[in-house]
>>> print(open('entry.tsv').read())   # TSV, C-alpha atoms (C1' of nucleotides)
chain	number	residue	atom	x	y	z
A	1426	MET	CA	-8.41	-5.94	-5.76
A	1427	LEU	CA	-5.55	-7.94	-7.14
A	1428	SER	CA	-2.17	-6.38	-6.41
A	1429	LYS	CA	0.02	-5.12	-9.20
A	1430	SER	CA	2.35	-8.03	-8.56
A	1431	CYS	CA	-0.54	-10.36	-9.20
A	1432	VAL	CA	-1.79	-8.84	-12.41
A	1433	TYR	CA	1.77	-8.55	-13.66
A	1434	ALA	CA	2.13	-12.25	-12.96
A	1435	LEU	CA	-1.05	-13.13	-14.79
A	1436	ARG	CA	-0.29	-11.07	-17.86
A	1437	ALA	CA	3.30	-12.25	-18.00
A	1438	ILE	CA	2.39	-15.89	-17.76
A	1439	VAL	CA	-0.23	-15.52	-20.46
A	1440	TYR	CA	2.32	-13.75	-22.62
A	1441	VAL	CA	4.75	-16.61	-22.13
A	1442	GLY	CA	2.05	-19.14	-22.85
A	1443	HIS	CA	1.10	-17.34	-26.00
A	1444	ASN	CA	4.51	-16.48	-27.39
A	1445	GLY	CA	6.80	-19.19	-26.07
A	1446	SER	CA	7.30	-22.89	-25.83
A	1447	GLU	CA	9.83	-25.29	-24.37
A	1448	ASN	CA	12.11	-24.73	-27.34
A	1449	HIS	CA	11.46	-21.05	-27.71
A	1450	LYS	CA	11.85	-19.54	-24.29
A	1451	ILE	CA	11.00	-15.95	-23.58
A	1452	GLY	CA	13.43	-13.58	-21.89
A	1453	ILE	CA	12.37	-11.34	-19.07
A	1454	LYS	CA	13.40	-8.30	-21.08
A	1455	GLU	CA	11.04	-9.14	-23.88
A	1456	ILE	CA	8.16	-9.69	-21.47
A	1457	GLY	CA	8.81	-6.43	-19.70
A	1458	GLU	CA	9.04	-4.47	-22.92
A	1459	GLU	CA	6.03	-6.00	-24.59
A	1460	LEU	CA	3.79	-5.61	-21.56
A	1461	ASP	CA	5.20	-2.28	-20.30
A	1462	LEU	CA	6.19	-3.77	-16.98
A	1463	PRO	CA	9.19	-2.95	-14.79
A	1464	VAL	CA	11.65	-5.68	-15.67
A	1465	HIS	CA	13.43	-6.27	-12.39
A	1466	PHE	CA	10.28	-6.15	-10.38
A	1467	LEU	CA	8.61	-8.57	-12.72
A	1468	SER	CA	11.68	-10.75	-12.48
A	1469	LYS	CA	11.11	-11.22	-8.74
A	1470	ILE	CA	7.52	-12.16	-9.31
A	1471	LEU	CA	8.34	-14.71	-11.98
A	1472	GLN	CA	11.10	-16.16	-9.83
A	1473	SER	CA	8.51	-16.89	-7.22
A	1474	LEU	CA	6.20	-18.49	-9.76
A	1475	VAL	CA	9.05	-20.70	-10.91
A	1476	LYS	CA	9.71	-21.79	-7.34
A	1477	HIS	CA	6.06	-22.71	-7.03
A	1478	ASN	CA	6.20	-24.68	-10.27
A	1479	ILE	CA	3.70	-22.48	-11.99
A	1480	LEU	CA	6.20	-21.40	-14.57
A	1481	GLN	CA	9.39	-22.94	-15.93
A	1482	SER	CA	12.69	-21.27	-16.64
A	1483	THR	CA	16.26	-22.03	-17.61
A	1484	LYS	CA	19.32	-19.89	-17.29
A	1485	GLY	CA	22.07	-19.30	-19.79
A	1486	PRO	CA	22.07	-18.75	-23.54
A	1487	HIS	CA	18.68	-19.34	-25.11
A	1488	GLY	CA	17.34	-19.48	-21.62
A	1489	GLY	CA	14.17	-17.79	-20.51
A	1490	PHE	CA	10.68	-18.61	-19.36
A	1491	TYR	CA	8.21	-21.07	-20.74
A	1492	ILE	CA	5.26	-23.10	-19.51
A	1493	ASN	CA	4.88	-26.81	-19.78
A	1494	GLU	CA	1.74	-28.88	-20.32
A	1495	ILE	CA	0.81	-28.97	-16.69
A	1496	SER	CA	1.37	-25.29	-16.03
A	1497	GLY	CA	-1.03	-24.31	-18.74
A	1498	GLN	CA	-3.81	-26.07	-16.92
A	1499	ILE	CA	-3.20	-24.29	-13.65
A	1500	LYS	CA	-6.13	-22.27	-12.42
A	1501	LEU	CA	-5.84	-18.51	-12.11
A	1502	LEU	CA	-6.72	-18.83	-8.46
A	1503	ARG	CA	-3.50	-20.71	-7.85
A	1504	ILE	CA	-1.48	-17.79	-9.12
A	1505	ILE	CA	-3.46	-15.39	-6.99
A	1506	GLU	CA	-2.89	-17.66	-4.02
A	1507	VAL	CA	0.85	-17.67	-4.53
A	1508	VAL	CA	1.22	-13.96	-5.19
A	1509	ASP	CA	-1.44	-12.29	-3.03
A	1510	GLY	CA	-2.86	-15.03	-0.88
A	1511	LEU	CA	-6.54	-15.87	-0.79
A	1512	SER	CA	-7.62	-13.60	2.03
A	1513	PHE	CA	-9.64	-11.41	-0.30
A	1514	PHE	CA	-12.01	-14.28	-0.92
A	1515	HIS	CA	-12.70	-14.73	2.76
A	1516	LYS	CA	-12.55	-11.18	4.03
A	1517	CYS	CA	-15.44	-8.95	4.96
A	1518	GLY	CA	-16.08	-6.15	2.50
A	1519	LEU	CA	-16.24	-3.70	5.40
A	1520	GLY	CA	-13.16	-5.12	7.09
A	1521	MET	CA	-14.89	-6.65	10.08
A	1522	HIS	CA	-13.09	-9.42	11.92
A	1523	GLU	CA	-16.00	-11.76	11.66
A	1524	CYS	CA	-18.60	-11.35	9.01
A	1525	SER	CA	-20.80	-14.32	8.26
A	1526	ASP	CA	-24.40	-15.23	7.72
A	1527	THR	CA	-24.91	-15.22	11.48
A	1528	HIS	CA	-23.03	-11.98	12.13
A	1529	PRO	CA	-23.18	-10.13	8.82
A	1530	CYS	CA	-21.98	-6.64	8.05
A	1531	PRO	CA	-24.58	-4.43	6.37
A	1532	LEU	CA	-23.15	-5.23	2.96
A	1533	HIS	CA	-22.59	-8.92	3.51
A	1534	ASP	CA	-25.37	-10.34	1.39
A	1535	ASP	CA	-24.61	-8.11	-1.54
A	1536	PHE	CA	-20.90	-8.44	-1.26
A	1537	ILE	CA	-20.60	-12.21	-1.12
A	1538	VAL	CA	-22.50	-12.55	-4.35
A	1539	PHE	CA	-19.72	-10.76	-6.16
A	1540	ARG	CA	-16.89	-12.10	-4.12
A	1541	GLU	CA	-18.01	-15.62	-4.81
A	1542	GLY	CA	-18.70	-14.81	-8.41
A	1543	LEU	CA	-15.08	-13.81	-8.80
A	1544	TYR	CA	-13.98	-16.85	-6.88
A	1545	LYS	CA	-15.84	-19.02	-9.30
A	1546	ILE	CA	-14.20	-17.39	-12.27
A	1547	PHE	CA	-10.71	-17.57	-10.85
A	1548	SER	CA	-11.09	-21.11	-9.63
A	1549	THR	CA	-12.42	-22.28	-12.97
A	1550	LYS	CA	-10.38	-20.54	-15.63
A	1551	THR	CA	-6.90	-21.72	-16.49
A	1552	ILE	CA	-3.90	-20.02	-17.99
A	1553	ASN	CA	-4.65	-21.85	-21.22
A	1554	ASP	CA	-8.16	-20.42	-21.27
A	1555	LEU	CA	-6.70	-16.93	-21.30
A	1556	VAL	CA	-4.03	-17.84	-23.80
A	1557	LYS	CA	-6.66	-19.20	-26.10
A	1558	LYS	CA	-8.69	-15.99	-25.92
A	1559	VAL	CA	-5.61	-14.06	-26.90
A	1560	GLU	CA	-4.75	-16.49	-29.69
A	1561	ASP	CA	-8.27	-16.25	-31.07
A	1562	GLY	CA	-8.00	-12.48	-31.11
A	1563	ASN	CA	-10.80	-12.19	-28.59
A	1564	ALA	CA	-8.66	-10.56	-25.94
A	1565	PHE	CA	-5.42	-8.67	-25.47
A	1566	ILE	CA	-2.73	-8.44	-22.85
A	1567	GLN	CA	-0.64	-5.72	-24.42
A	1568	ASN	CA	-1.40	-2.07	-23.95
A	1569	LEU	CA	-2.84	-0.17	-26.86
A	1570	ASN	CA	-1.02	3.15	-26.90
A	1571	THR	CA	2.39	1.95	-25.92
A	1572	LYS	CA	4.02	5.11	-27.20
A	1573	ASN	CA	7.38	4.18	-28.75
B	621	MET	CA	-10.97	-3.33	-2.87
B	622	LEU	CA	-12.02	-0.46	-0.67
B	623	SER	CA	-9.13	1.00	1.32
B	624	LYS	CA	-9.07	0.79	5.09
B	625	SER	CA	-9.77	4.51	5.23
B	626	CYS	CA	-12.87	3.93	3.22
B	627	VAL	CA	-14.32	1.07	5.23
B	628	TYR	CA	-13.46	2.91	8.43
B	629	ALA	CA	-15.40	5.85	7.06
B	630	LEU	CA	-18.41	3.74	6.18
B	631	ARG	CA	-18.57	1.94	9.47
B	632	ALA	CA	-18.02	5.11	11.47
B	633	ILE	CA	-20.71	7.01	9.66
B	634	VAL	CA	-23.17	4.17	10.12
B	635	TYR	CA	-22.25	4.05	13.80
B	636	VAL	CA	-22.92	7.75	14.12
B	637	GLY	CA	-26.16	7.43	12.23
B	638	HIS	CA	-27.25	4.61	14.46
B	639	ASN	CA	-26.15	5.91	17.85
B	640	GLY	CA	-26.24	9.67	17.51
B	641	SER	CA	-28.44	12.57	16.57
B	642	GLU	CA	-28.15	16.34	16.36
B	643	ASN	CA	-28.68	16.59	20.12
B	644	HIS	CA	-26.65	13.56	21.05
B	645	LYS	CA	-23.38	13.87	19.24
B	646	ILE	CA	-20.84	11.09	19.23
B	647	GLY	CA	-17.23	11.67	20.19
B	648	ILE	CA	-14.38	10.30	18.13
B	649	LYS	CA	-13.12	8.34	21.10
B	650	GLU	CA	-16.36	6.44	21.44
B	651	ILE	CA	-16.43	5.62	17.75
B	652	GLY	CA	-12.85	4.40	17.80
B	653	GLU	CA	-13.40	2.26	20.87
B	654	GLU	CA	-16.68	0.74	19.77
B	655	LEU	CA	-15.46	-0.09	16.28
B	656	ASP	CA	-11.84	-1.00	17.20
B	657	LEU	CA	-10.44	1.68	14.96
B	658	PRO	CA	-7.33	3.81	15.45
B	659	VAL	CA	-8.76	7.03	16.84
B	660	HIS	CA	-6.44	9.62	15.36
B	661	PHE	CA	-6.42	8.05	11.98
B	662	LEU	CA	-10.17	7.83	11.97
B	663	SER	CA	-10.27	11.43	13.07
B	664	LYS	CA	-8.54	12.52	9.86
B	665	ILE	CA	-10.95	10.55	7.77
B	666	LEU	CA	-14.00	11.99	9.48
B	667	GLN	CA	-12.56	15.49	9.19
B	668	SER	CA	-12.50	15.03	5.48
B	669	LEU	CA	-16.07	13.76	5.43
B	670	VAL	CA	-17.13	16.83	7.39
B	671	LYS	CA	-15.43	19.09	4.89
B	672	HIS	CA	-17.33	17.33	2.13
B	673	ASN	CA	-20.59	17.77	4.00
B	674	ILE	CA	-21.16	14.08	4.36
B	675	LEU	CA	-20.99	14.25	8.11
B	676	GLN	CA	-21.57	17.03	10.60
B	677	SER	CA	-19.57	17.95	13.67
B	678	THR	CA	-19.25	20.54	16.37
B	679	LYS	CA	-16.37	21.25	18.69
B	680	GLY	CA	-16.43	21.96	22.38
B	681	PRO	CA	-18.37	20.47	25.27
B	682	HIS	CA	-21.07	18.08	24.11
B	683	GLY	CA	-19.54	18.33	20.71
B	684	GLY	CA	-18.96	15.40	18.42
B	685	PHE	CA	-20.21	13.94	15.19
B	686	TYR	CA	-23.73	13.50	13.92
B	687	ILE	CA	-25.52	13.26	10.62
B	688	ASN	CA	-28.38	15.43	9.51
B	689	GLU	CA	-31.39	14.54	7.37
B	690	ILE	CA	-29.60	15.08	4.11
B	691	SER	CA	-26.45	13.17	5.03
B	692	GLY	CA	-28.42	10.06	5.82
B	693	GLN	CA	-29.61	9.92	2.26
B	694	ILE	CA	-26.16	10.14	0.76
B	695	LYS	CA	-25.21	7.17	-1.38
B	696	LEU	CA	-22.35	4.94	-0.31
B	697	LEU	CA	-20.68	5.66	-3.61
B	698	ARG	CA	-20.30	9.28	-2.63
B	699	ILE	CA	-18.28	8.31	0.42
B	700	ILE	CA	-16.13	6.00	-1.66
B	701	GLU	CA	-15.64	8.81	-4.14
B	702	VAL	CA	-14.45	11.20	-1.46
B	703	VAL	CA	-12.18	8.75	0.32
B	704	ASP	CA	-10.78	6.49	-2.40
B	705	GLY	CA	-11.88	8.04	-5.65
B	706	LEU	CA	-13.86	6.15	-8.25
B	707	SER	CA	-11.02	4.78	-10.32
B	708	PHE	CA	-11.73	1.22	-9.22
B	709	PHE	CA	-15.03	1.33	-11.08
B	710	HIS	CA	-13.37	2.25	-14.33
B	711	LYS	CA	-10.12	0.33	-14.14
B	712	CYS	CA	-9.18	-2.88	-15.91
B	713	GLY	CA	-9.03	-5.91	-13.65
B	714	LEU	CA	-5.67	-6.82	-15.16
B	715	GLY	CA	-4.33	-3.31	-14.95
B	716	MET	CA	-4.24	-2.59	-18.65
B	717	HIS	CA	-4.25	1.03	-19.76
B	718	GLU	CA	-7.16	0.56	-22.05
B	719	CYS	CA	-9.60	-2.25	-21.56
B	720	SER	CA	-12.95	-1.97	-23.23
B	721	ASP	CA	-15.37	-3.98	-25.29
B	722	THR	CA	-13.25	-3.25	-28.36
B	723	HIS	CA	-9.90	-3.96	-26.71
B	724	PRO	CA	-10.74	-6.28	-23.81
B	725	CYS	CA	-8.35	-8.01	-21.48
B	726	PRO	CA	-8.94	-11.76	-21.16
B	727	LEU	CA	-11.01	-11.23	-18.03
B	728	HIS	CA	-12.92	-8.20	-19.19
B	729	ASP	CA	-16.34	-9.74	-19.67
B	730	ASP	CA	-16.25	-11.57	-16.36
B	731	PHE	CA	-14.75	-8.71	-14.46
B	732	ILE	CA	-17.17	-5.99	-15.49
B	733	VAL	CA	-20.04	-8.07	-14.18
B	734	PHE	CA	-18.44	-7.89	-10.79
B	735	ARG	CA	-17.33	-4.29	-11.06
B	736	GLU	CA	-20.66	-3.02	-12.29
B	737	GLY	CA	-22.58	-5.13	-9.85
B	738	LEU	CA	-20.75	-3.47	-7.03
B	739	TYR	CA	-21.22	-0.09	-8.64
B	740	LYS	CA	-24.94	-0.64	-8.70
B	741	ILE	CA	-25.03	-1.50	-5.02
B	742	PHE	CA	-22.87	1.39	-3.94
B	743	SER	CA	-24.69	3.88	-6.12
B	744	THR	CA	-28.06	2.76	-4.87
B	745	LYS	CA	-27.70	2.17	-1.16
B	746	THR	CA	-27.64	5.05	1.28
B	747	ILE	CA	-26.19	5.49	4.73
B	748	ASN	CA	-29.71	5.23	6.10
B	749	ASP	CA	-30.19	1.88	4.39
B	750	LEU	CA	-27.25	0.49	6.32
B	751	VAL	CA	-28.30	2.18	9.56
B	752	LYS	CA	-31.72	0.61	9.21
B	753	LYS	CA	-30.25	-2.83	8.78
B	754	VAL	CA	-28.30	-2.37	11.95
B	755	GLU	CA	-31.31	-1.01	13.81
B	756	ASP	CA	-33.41	-3.94	12.72
B	757	GLY	CA	-30.77	-6.32	14.02
B	758	ASN	CA	-30.15	-7.63	10.54
B	759	ALA	CA	-26.56	-6.48	10.38
B	760	PHE	CA	-23.68	-5.43	12.58
B	761	ILE	CA	-20.84	-2.98	12.38
B	762	GLN	CA	-19.08	-3.88	15.62
B	763	ASN	CA	-16.63	-6.71	15.86
B	764	LEU	CA	-17.69	-9.82	17.65
B	765	ASN	CA	-14.72	-10.85	19.76
B	766	THR	CA	-13.59	-7.42	20.80
B	767	LYS	CA	-11.53	-8.79	23.64
B	768	ASN	CA	-11.89	-6.41	26.59
C	1337	DA	C1'	-14.57	36.54	30.58
C	1338	DT	C1'	-12.86	32.02	31.62
C	1339	DA	C1'	-12.23	27.16	31.91
C	1340	DT	C1'	-13.23	23.17	29.70
C	1341	DT	C1'	-14.11	20.05	26.20
C	1342	DA	C1'	-13.82	18.14	21.85
C	1343	DA	C1'	-12.77	18.48	16.92
C	1344	DA	C1'	-9.27	20.36	13.56
C	1345	DA	C1'	-4.83	20.68	12.14
C	1346	DG	C1'	0.02	19.75	11.87
C	1347	DA	C1'	4.05	17.08	12.26
C	1348	DT	C1'	6.13	12.80	12.34
C	1349	DA	C1'	6.57	7.72	12.43
C	1350	DT	C1'	5.76	3.03	10.62
C	1351	DT	C1'	4.51	-0.42	7.34
C	1352	DT	C1'	3.72	-2.24	2.97
C	1353	DA	C1'	3.72	-2.19	-1.97
C	1354	DG	C1'	6.20	-1.17	-5.70
C	1355	DG	C1'	10.48	-0.49	-8.10
C	1356	DT	C1'	15.76	-0.26	-9.21
C	1357	DC	C1'	20.49	-1.63	-9.32
C	1358	DT	C1'	24.34	-4.89	-8.63
C	1359	DT	C1'	26.31	-9.33	-8.01
C	1360	DT	C1'	26.03	-14.30	-8.33
C	1361	DT	C1'	24.82	-18.58	-10.31
C	1362	DT	C1'	24.10	-21.79	-14.00
C	1363	DA	C1'	23.09	-23.58	-18.59
C	1364	DT	C1'	24.78	-23.65	-23.22
C	1365	DA	C1'	27.57	-23.08	-27.36
C	1366	DT	C1'	32.05	-22.60	-28.83
D	1439	DA	C1'	37.76	-25.54	-20.43
D	1440	DT	C1'	36.00	-21.02	-21.43
D	1441	DA	C1'	33.10	-17.24	-22.72
D	1442	DT	C1'	28.61	-15.85	-22.76
D	1443	DA	C1'	23.95	-15.20	-21.90
D	1444	DA	C1'	20.23	-15.21	-19.06
D	1445	DA	C1'	17.79	-16.09	-14.67
D	1446	DA	C1'	18.40	-15.92	-9.50
D	1447	DA	C1'	19.53	-13.56	-5.58
D	1448	DG	C1'	20.62	-9.75	-2.70
D	1449	DA	C1'	20.76	-5.10	-1.34
D	1450	DC	C1'	18.65	-0.95	-1.72
D	1451	DC	C1'	15.43	2.82	-2.77
D	1452	DT	C1'	10.80	5.32	-3.20
D	1453	DA	C1'	6.08	6.27	-2.62
D	1454	DA	C1'	1.76	5.51	-0.64
D	1455	DA	C1'	-1.13	3.89	2.98
D	1456	DT	C1'	-1.70	3.55	7.67
D	1457	DA	C1'	-0.98	5.11	12.30
D	1458	DT	C1'	0.54	8.07	16.33
D	1459	DC	C1'	1.47	12.16	18.91
D	1460	DT	C1'	1.21	17.17	19.77
D	1461	DT	C1'	-0.65	21.69	19.25
D	1462	DT	C1'	-4.33	24.76	17.83
D	1463	DT	C1'	-9.03	26.25	17.27
D	1464	DA	C1'	-13.66	26.85	18.52
D	1465	DA	C1'	-18.02	25.76	20.95
D	1466	DT	C1'	-20.31	25.67	25.36
D	1467	DA	C1'	-21.32	25.95	30.27
D	1468	DT	C1'	-20.14	28.27	34.20
>>> encode(input="entry.tsv", output="structure tokens")
Amino acid sequence: MLSKSCVYALRAIVYVGHNGSENHKIGIKEIGEELDLPVHFLSKILQSLVKHNILQSTKGPHGGFYINEISGQIKLLRIIEVVDGLSFFHKCGLGMHECSDTHPCPLHDDFIVFREGLYKIFSTKTINDLVKKVEDGNAFIQNLNTKN
Amino acid sequence: MLSKSCVYALRAIVYVGHNGSENHKIGIKEIGEELDLPVHFLSKILQSLVKHNILQSTKGPHGGFYINEISGQIKLLRIIEVVDGLSFFHKCGLGMHECSDTHPCPLHDDFIVFREGLYKIFSTKTINDLVKKVEDGNAFIQNLNTKN
DNA sequence: ATATTAAAAGATATTTAGGTCTTTTTATAT
DNA sequence: ATATAAAAAGACCTAAATATCTTTTAATAT
């Protein structure tokens, strides 16, 4: 559904939101280690988020990633848009060029219910919503059996 | 979500169910042309379905693909299983190794609604259900603007 | 039996996603 | 000013999905 790049982005940004702040920035190495993600690959993804102003970073000593007020309120859908594009939310479940109420594929009616359900979730929830869940102990972004 | 191989498989099998029968078999070329699918690639996919007894075929003159009584009643999920595997229906939406009610990712509750909703559809509907929709003119499997 | 037709099988090519490694840039503390 | 630390950028590499082309096998009609 979402590409690896995209879920890496989401987890990383939530990690940064949870563990960092403007005066305690988080290094890419820490993120990669804590979330079991390939550091350099993740680095590319976060670079792109920074360019799109979804995430903030500074270089040099005590540099790293953080999110400001505004970024925390960004909707998940925006991140998906930047990383994967939004085609999933428009595409036919059976890959037909046109699939609509007037020319539906045999799964159209069933499929759009779920596709639009997801759309709703992603276009409603913000980074901060996820961070809060993690802070309240109601959700996790780190793997359980990270065997060290 | 579903791979191209998988949606090609579904559409092709519905096409065969709709247009063919044991004494009017459908050639791979016709399927590829009518559904705008790459013939040789599709051929591989259908070969695999034949091996798994989801589709029938015979070689030689007047040979081609068809589906028998039993195949028509096969659930869509079975085709997905054979082509893509079922991992999608068990996997975390954020790609975490373990994601369950006791160790949920921040999207867990929302995501399983979607994932299990789809599971229900795919594990309930049969090939024949889709064929019927097409036969009744309530759904289509061919592209609209197939520019010829 | 033979020719023909169509799927099966095999080999190879292309594209995209995912991942690694190295060098460059820039912010900061000294 | 300089050293240092960390992200940014660039160049590759690998694996998987998708696609094409060629050869082989097997049904059928003649």
>>> residues_around(input="entry.tsv", residues="range 625-641 of chain B", least_positions_apart="4", cutoff="6 Å", atoms="only C-alpha atoms (C1' of nucleotides)", output="MDAnalysis selection string")
(chainID A and resid 1519) or (chainID B and resid 645:646 686 703 751)
>>> closest_atom_pairs(input="entry.tsv", of="chain B", to="chain C", cutoff="7 Å", atoms="only C-alpha atoms (C1' of nucleotides)", output="Markdown table")
| residue | atom | partner | partner_atom | distance |
| --- | --- | --- | --- | --- |
| B:Thr678 | CA | C:DA1343 | C1' | 6.8 |
| B:Lys679 | CA | C:DA1343 | C1' | 4.9 |
| B:Gly680 | CA | C:DA1342 | C1' | 4.7 |
| B:Pro681 | CA | C:DT1341 | C1' | 4.4 |
| B:Gly683 | CA | C:DA1342 | C1' | 5.8 |
| B:Gly684 | CA | C:DA1342 | C1' | 6.8 |
>>> atom_distance(input="entry.tsv", atom1="CA of Ile665 in chain B", atom2="CA of Ser707 in chain B")
19.0 Å
>>> atom_distance(input="entry.tsv", atom1="CA of Cys1524 in chain A", atom2="CA of Lys695 in chain B")
22.2 Å
>>> atom_distance(input="entry.tsv", atom1="CA of Ser691 in chain B", atom2="CA of Leu666 in chain B")
13.3 Å
>>> interface_residues(input="entry.tsv", of="chain D", to="chain A", cutoff="7 Å", atoms="all atoms listed in the file", output="PDB file with C-alpha atoms (C1' of nucleotides), keeping the file's coordinate frame")
ATOM      1  C1'  DA D1443      23.950 -15.200 -21.900  1.00  0.00           C
ATOM      2  C1'  DA D1444      20.230 -15.210 -19.060  1.00  0.00           C
ATOM      3  C1'  DA D1445      17.790 -16.090 -14.670  1.00  0.00           C
TER       4       DA D1445
END
>>> interface_residues(input="entry.tsv", of="chain A", to="chain B", cutoff="7 Å", atoms="only C-alpha atoms", output="PyMOL selection string")
chain A and resi 1426+1432+1519-1523+1528-1531+1539+1555+1558+1564-1566+1568-1569
>>> residues_near_point(input="entry.tsv", point="(-29.1, 17.7, 5.4)", cutoff="12 Å", atoms="only C-alpha atoms (C1' of nucleotides)", output="PDB file with C-alpha atoms, in the coordinates of the input")
ATOM      1  CA  GLU B 642     -28.150  16.340  16.360  1.00  0.00           C
ATOM      2  CA  ASN B 673     -20.590  17.770   4.000  1.00  0.00           C
ATOM      3  CA  ILE B 674     -21.160  14.080   4.360  1.00  0.00           C
ATOM      4  CA  LEU B 675     -20.990  14.250   8.110  1.00  0.00           C
ATOM      5  CA  GLN B 676     -21.570  17.030  10.600  1.00  0.00           C
ATOM      6  CA  TYR B 686     -23.730  13.500  13.920  1.00  0.00           C
ATOM      7  CA  ILE B 687     -25.520  13.260  10.620  1.00  0.00           C
ATOM      8  CA  ASN B 688     -28.380  15.430   9.510  1.00  0.00           C
ATOM      9  CA  GLU B 689     -31.390  14.540   7.370  1.00  0.00           C
ATOM     10  CA  ILE B 690     -29.600  15.080   4.110  1.00  0.00           C
ATOM     11  CA  SER B 691     -26.450  13.170   5.030  1.00  0.00           C
ATOM     12  CA  GLY B 692     -28.420  10.060   5.820  1.00  0.00           C
ATOM     13  CA  GLN B 693     -29.610   9.920   2.260  1.00  0.00           C
ATOM     14  CA  ILE B 694     -26.160  10.140   0.760  1.00  0.00           C
TER      15      ILE B 694
END
>>> residues_near_point(input="entry.tsv", point="(-16.4, 11.8, 0.9)", cutoff="8 Å", atoms="all atoms listed in the file", output="list in words")
Ser668, Leu669, His672, Asn673, Ile674, Arg698, Ile699, Ile700, Glu701, Val702 and Val703 of chain B
>>> build_atoms(input="entry.tsv", residues="range 721-733 of chain B", atoms="N, CA and C atoms", output="PDB file, in the frame of the given file")
ATOM      1  N   ASP B 721     -14.753  -2.946 -24.466  1.00  0.00           N
ATOM      2  CA  ASP B 721     -15.370  -3.980 -25.290  1.00  0.00           C
ATOM      3  C   ASP B 721     -14.593  -4.180 -26.603  1.00  0.00           C
ATOM      4  N   THR B 722     -13.985  -3.112 -27.097  1.00  0.00           N
ATOM      5  CA  THR B 722     -13.250  -3.250 -28.360  1.00  0.00           C
ATOM      6  C   THR B 722     -11.809  -3.705 -28.182  1.00  0.00           C
ATOM      7  N   HIS B 723     -11.282  -3.505 -26.981  1.00  0.00           N
ATOM      8  CA  HIS B 723      -9.900  -3.960 -26.710  1.00  0.00           C
ATOM      9  C   HIS B 723      -9.872  -4.570 -25.314  1.00  0.00           C
ATOM     10  N   PRO B 724     -10.547  -5.706 -25.156  1.00  0.00           N
ATOM     11  CA  PRO B 724     -10.740  -6.280 -23.810  1.00  0.00           C
ATOM     12  C   PRO B 724      -9.531  -7.084 -23.345  1.00  0.00           C
ATOM     13  N   CYS B 725      -9.308  -7.072 -22.060  1.00  0.00           N
ATOM     14  CA  CYS B 725      -8.350  -8.010 -21.480  1.00  0.00           C
ATOM     15  C   CYS B 725      -9.049  -9.367 -21.384  1.00  0.00           C
ATOM     16  N   PRO B 726      -8.322 -10.431 -21.144  1.00  0.00           N
ATOM     17  CA  PRO B 726      -8.940 -11.760 -21.160  1.00  0.00           C
ATOM     18  C   PRO B 726      -9.969 -11.986 -20.043  1.00  0.00           C
ATOM     19  N   LEU B 727     -10.020 -11.072 -19.098  1.00  0.00           N
ATOM     20  CA  LEU B 727     -11.010 -11.230 -18.030  1.00  0.00           C
ATOM     21  C   LEU B 727     -12.113 -10.189 -18.108  1.00  0.00           C
ATOM     22  N   HIS B 728     -12.017  -9.351 -19.105  1.00  0.00           N
ATOM     23  CA  HIS B 728     -12.920  -8.200 -19.190  1.00  0.00           C
ATOM     24  C   HIS B 728     -14.390  -8.542 -18.942  1.00  0.00           C
ATOM     25  N   ASP B 729     -14.916  -9.456 -19.750  1.00  0.00           N
ATOM     26  CA  ASP B 729     -16.340  -9.740 -19.670  1.00  0.00           C
ATOM     27  C   ASP B 729     -16.761 -10.205 -18.277  1.00  0.00           C
ATOM     28  N   ASP B 730     -15.926 -11.068 -17.696  1.00  0.00           N
ATOM     29  CA  ASP B 730     -16.250 -11.570 -16.360  1.00  0.00           C
ATOM     30  C   ASP B 730     -16.100 -10.474 -15.314  1.00  0.00           C
ATOM     31  N   PHE B 731     -15.071  -9.676 -15.498  1.00  0.00           N
ATOM     32  CA  PHE B 731     -14.750  -8.710 -14.460  1.00  0.00           C
ATOM     33  C   PHE B 731     -15.772  -7.581 -14.398  1.00  0.00           C
ATOM     34  N   ILE B 732     -16.235  -7.109 -15.539  1.00  0.00           N
ATOM     35  CA  ILE B 732     -17.170  -5.990 -15.490  1.00  0.00           C
ATOM     36  C   ILE B 732     -18.486  -6.376 -14.824  1.00  0.00           C
ATOM     37  N   VAL B 733     -18.835  -7.633 -14.891  1.00  0.00           N
ATOM     38  CA  VAL B 733     -20.040  -8.070 -14.180  1.00  0.00           C
ATOM     39  C   VAL B 733     -19.896  -7.742 -12.700  1.00  0.00           C
TER      40      VAL B 733
END
